[in-house]
Amino acid sequence: MLLKKISPPVFFFILFTNCINAQNLIINSHFKNDLYEWTTISDNHANASFEIDKEGSHDGSKFLNIKVGRLGDNLWDVQAYQQFPSKKGTFYTLTFMAKSVLNHKRMRVQLQKKSYTPVDYTLTNTWKEYTYKFQAKENDLQLGFHFVELGVFQIDNVVITKSKKPKKNDEGVLSNGSFENGMDGWQNLAENGGNAIYELNSEKPYVGNYSLKVDVRYFGENPWDLQSIHDFDSSKNKTYMLTFYAKAKKDNKKVIVQIQKNKENIYIPKEFVLTRFWKRYQWIFKASSDDMQLAFQHVDKGVFEFDQISISKYRAKK
């Protein structure tokens, strides 16, 4: 059998193109094939439509247009989702374009299956690219866009690619404690019936451009069902100092900060009581294992803000 010879430039162009296409784990990410591979839901008395449109596109091509006229009984009753081949423990980067017809409308992005990792975005009335870096908690997760407010929302260019583990930086052994890189490195959980809104807040953070704003609506079945988690590079029996700035909408609101490692059943909690004003909090602790997690468990209802979270190696002054 004769094989057709492909010249080197053409061969490498084909190979390069295939590699680019293989990087995105979302199928039909530009909605060129309408809703192919996407599932849409409008349940429990909700009234919403999912249509493919071109008018008002950011690049002249198709996009997904969602009109929400009535919400359902639950926050997840109006959504568009797609399953993608995630691998537990692997890091990924999600990027997408979005806007709302009316300014400052909120939309939820959620990684879901048996676990639920939500992050909320307040959209503007102009197209903008959003980025979310995350570590998969399960294989074959779903990416869900949840529409939790009335209005018209538009989505395009949905891309998920593998990424590297976040590197530690000048904040010590924990990266992006200032939220200047969005939610990079953070996992925000809402499980077992719990509901909290996790947003990047640009209105009067402690310093910089953003803080993490958490609006705790109702609890799950367990104290740990609502929490914000970040891995950090610890070494067993070494001493570290955690510092963070926080406030609550009302005085005397508490948050549980926990140093943990689920695989070894290590859970070291400490309670902090917040005020209405930004305040610096500190905790010196000894790591019980290598590569632990920092968790902020949201155990009080209300609105909370966190900024400038840092973990560094600690040496007592002589």
# chains A, B, ... in the order shown; residues from 1 in each chain; ligands from 1
$ residues_around --residues "Thr93 in chain A" --least-positions-apart "2" --cutoff "8 Å" --atoms "only C-alpha atoms" --output "ChimeraX atom specification"
/A:91,95,131-134,159-163
$ write_last_selection --atoms "C-alpha atoms" --output "CSV table (one decimal), in the first residue's frame"
chain,number,residue,atom,x,y,z
A,91,PHE,CA,-5.0,21.5,38.2
A,95,THR,CA,-11.5,30.9,30.9
A,131,THR,CA,-10.4,33.2,34.6
A,132,TYR,CA,-10.7,30.6,37.4
A,133,LYS,CA,-7.9,28.1,38.3
A,134,PHE,CA,-8.9,25.1,40.3
A,159,VAL,CA,-12.1,26.8,27.7
A,160,ILE,CA,-10.7,24.4,30.2
A,161,THR,CA,-7.0,23.4,30.0
A,162,LYS,CA,-4.6,21.6,32.3
A,163,SER,CA,-2.4,23.9,34.3
$ residues_around --residues "Lys113 in chain A" --least-positions-apart "5" --cutoff "9 Å" --atoms "only C-alpha atoms" --output "PyMOL selection string"
chain A and resi 138-142
$ write_last_selection --atoms "N, CA and C atoms" --output "CSV table (one decimal), in the first residue's frame"
chain,number,residue,atom,x,y,z
A,138,GLU,N,-12.7,15.5,41.7
A,138,GLU,CA,-13.2,14.2,41.3
A,138,GLU,C,-12.8,14.0,39.8
A,139,ASN,N,-12.9,12.8,39.3
A,139,ASN,CA,-12.8,12.5,37.9
A,139,ASN,C,-14.1,12.9,37.2
A,140,ASP,N,-14.0,13.3,35.9
A,140,ASP,CA,-15.1,13.6,35.1
A,140,ASP,C,-16.2,14.5,35.7
A,141,LEU,N,-15.7,15.7,36.1
A,141,LEU,CA,-16.5,16.7,36.6
A,141,LEU,C,-17.4,17.3,35.6
A,142,GLN,N,-18.5,18.1,36.1
A,142,GLN,CA,-19.3,18.9,35.2
A,142,GLN,C,-18.9,20.4,35.4
$ atom_distance --atom1 "CA of Phe63 in chain A" --atom2 "CA of Gln135 in chain A"
27.2 Å
$ residues_around --residues "Lys204 in chain A" --least-positions-apart "4" --cutoff "12 Å" --atoms "only C-alpha atoms" --output "VMD selection string"
chain A and resid 200 208 to 213 247 277 to 278 305 to 307
$ atom_distance --atom1 "CA of Lys137 in chain A" --atom2 "CA of Tyr240 in chain A"
26.5 Å
$ residues_around --residues "Asp300 in chain A" --least-positions-apart "3" --cutoff "10 Å" --atoms "only C-alpha atoms" --output "ChimeraX atom specification"
/A:215-219,223,252-256,297,303-304
$ write_last_selection --atoms "N, CA, C and O atoms" --output "PDB file, in the first residue's frame"
ATOM      1  N   ASP A 215     -20.843  35.391  51.360  1.00  0.00           N
ATOM      2  CA  ASP A 215     -22.190  35.642  51.881  1.00  0.00           C
ATOM      3  C   ASP A 215     -22.803  34.293  52.235  1.00  0.00           C
ATOM      4  O   ASP A 215     -23.202  33.532  51.358  1.00  0.00           O
ATOM      5  N   VAL A 216     -22.861  33.988  53.528  1.00  0.00           N
ATOM      6  CA  VAL A 216     -23.356  32.695  53.996  1.00  0.00           C
ATOM      7  C   VAL A 216     -24.873  32.774  54.149  1.00  0.00           C
ATOM      8  O   VAL A 216     -25.384  33.481  55.019  1.00  0.00           O
ATOM      9  N   ARG A 217     -25.598  32.021  53.304  1.00  0.00           N
ATOM     10  CA  ARG A 217     -27.058  32.070  53.303  1.00  0.00           C
ATOM     11  C   ARG A 217     -27.659  31.015  54.245  1.00  0.00           C
ATOM     12  O   ARG A 217     -28.484  31.330  55.095  1.00  0.00           O
ATOM     13  N   TYR A 218     -27.278  29.745  54.050  1.00  0.00           N
ATOM     14  CA  TYR A 218     -27.729  28.707  54.984  1.00  0.00           C
ATOM     15  C   TYR A 218     -26.725  27.567  54.980  1.00  0.00           C
ATOM     16  O   TYR A 218     -25.944  27.397  54.047  1.00  0.00           O
ATOM     17  N   PHE A 219     -26.737  26.823  56.096  1.00  0.00           N
ATOM     18  CA  PHE A 219     -25.709  25.829  56.346  1.00  0.00           C
ATOM     19  C   PHE A 219     -26.051  24.489  55.714  1.00  0.00           C
ATOM     20  O   PHE A 219     -27.199  24.190  55.414  1.00  0.00           O
ATOM     21  N   PRO A 223     -20.438  21.202  59.767  1.00  0.00           N
ATOM     22  CA  PRO A 223     -19.748  22.495  59.875  1.00  0.00           C
ATOM     23  C   PRO A 223     -18.765  22.758  58.734  1.00  0.00           C
ATOM     24  O   PRO A 223     -18.435  23.903  58.452  1.00  0.00           O
ATOM     25  N   ASN A 252     -19.049  40.502  66.097  1.00  0.00           N
ATOM     26  CA  ASN A 252     -19.149  39.223  66.821  1.00  0.00           C
ATOM     27  C   ASN A 252     -19.580  38.052  65.931  1.00  0.00           C
ATOM     28  O   ASN A 252     -20.321  37.173  66.372  1.00  0.00           O
ATOM     29  N   LYS A 253     -19.109  38.065  64.698  1.00  0.00           N
ATOM     30  CA  LYS A 253     -19.340  36.942  63.803  1.00  0.00           C
ATOM     31  C   LYS A 253     -18.078  36.073  63.787  1.00  0.00           C
ATOM     32  O   LYS A 253     -16.965  36.592  63.694  1.00  0.00           O
ATOM     33  N   LYS A 254     -18.246  34.767  63.868  1.00  0.00           N
ATOM     34  CA  LYS A 254     -17.084  33.900  63.990  1.00  0.00           C
ATOM     35  C   LYS A 254     -16.803  33.129  62.702  1.00  0.00           C
ATOM     36  O   LYS A 254     -17.690  32.868  61.890  1.00  0.00           O
ATOM     37  N   VAL A 255     -15.551  32.761  62.562  1.00  0.00           N
ATOM     38  CA  VAL A 255     -15.096  31.889  61.496  1.00  0.00           C
ATOM     39  C   VAL A 255     -14.127  30.885  62.116  1.00  0.00           C
ATOM     40  O   VAL A 255     -13.377  31.221  63.036  1.00  0.00           O
ATOM     41  N   ILE A 256     -14.177  29.644  61.649  1.00  0.00           N
ATOM     42  CA  ILE A 256     -13.251  28.615  62.107  1.00  0.00           C
ATOM     43  C   ILE A 256     -12.132  28.501  61.082  1.00  0.00           C
ATOM     44  O   ILE A 256     -12.381  28.242  59.896  1.00  0.00           O
ATOM     45  N   GLN A 297     -13.599  27.837  57.551  1.00  0.00           N
ATOM     46  CA  GLN A 297     -14.926  27.230  57.617  1.00  0.00           C
ATOM     47  C   GLN A 297     -15.938  28.291  58.023  1.00  0.00           C
ATOM     48  O   GLN A 297     -15.792  28.954  59.059  1.00  0.00           O
ATOM     49  N   VAL A 303     -22.283  38.206  56.062  1.00  0.00           N
ATOM     50  CA  VAL A 303     -21.340  38.574  55.013  1.00  0.00           C
ATOM     51  C   VAL A 303     -19.964  38.794  55.627  1.00  0.00           C
ATOM     52  O   VAL A 303     -19.823  39.528  56.604  1.00  0.00           O
ATOM     53  N   PHE A 304     -18.955  38.149  55.045  1.00  0.00           N
ATOM     54  CA  PHE A 304     -17.589  38.190  55.556  1.00  0.00           C
ATOM     55  C   PHE A 304     -16.638  38.567  54.428  1.00  0.00           C
ATOM     56  O   PHE A 304     -16.906  38.288  53.260  1.00  0.00           O
TER      57      PHE A 304
END
$ atom_distance --atom1 "CA of Gly220 in chain A" --atom2 "CA of Gln83 in chain A"
24.9 Å
$ residues_around --residues "Glu37 in chain A" --least-positions-apart "5" --cutoff "10 Å" --atoms "only C-alpha atoms" --output "ChimeraX atom specification"
/A:26-29,31,81-83
$ residues_around --residues "Val207 in chain A" --least-positions-apart "4" --cutoff "12 Å" --atoms "only C-alpha atoms" --output "ChimeraX atom specification"
/A:177-180,201-203,211-212,244-246,278,306-309
$ write_last_selection --atoms "C-alpha atoms" --output "mmCIF file, in the first residue's frame"
data_model
loop_
_atom_site.group_PDB
_atom_site.id
_atom_site.type_symbol
_atom_site.label_atom_id
_atom_site.label_comp_id
_atom_site.auth_asym_id
_atom_site.auth_seq_id
_atom_site.Cartn_x
_atom_site.Cartn_y
_atom_site.Cartn_z
ATOM 1 C CA GLY A 177 -3.604 35.069 49.606
ATOM 2 C CA SER A 178 -4.248 38.590 48.323
ATOM 3 C CA PHE A 179 -6.734 37.408 45.645
ATOM 4 C CA GLU A 180 -5.011 39.604 43.074
ATOM 5 C CA ASN A 201 -14.913 41.991 45.840
ATOM 6 C CA SER A 202 -13.346 45.131 44.393
ATOM 7 C CA GLU A 203 -15.150 47.571 46.704
ATOM 8 C CA SER A 211 -10.724 40.657 48.618
ATOM 9 C CA LEU A 212 -12.738 37.450 49.043
ATOM 10 C CA PHE A 244 -4.873 37.395 57.620
ATOM 11 C CA TYR A 245 -7.125 40.429 57.549
ATOM 12 C CA ALA A 246 -10.874 39.963 57.907
ATOM 13 C CA TRP A 278 -10.687 45.274 58.949
ATOM 14 C CA PHE A 306 -10.912 38.137 53.807
ATOM 15 C CA ASP A 307 -7.683 39.606 52.447
ATOM 16 C CA GLN A 308 -3.877 39.361 52.676
ATOM 17 C CA ILE A 309 -3.812 35.747 53.861
#
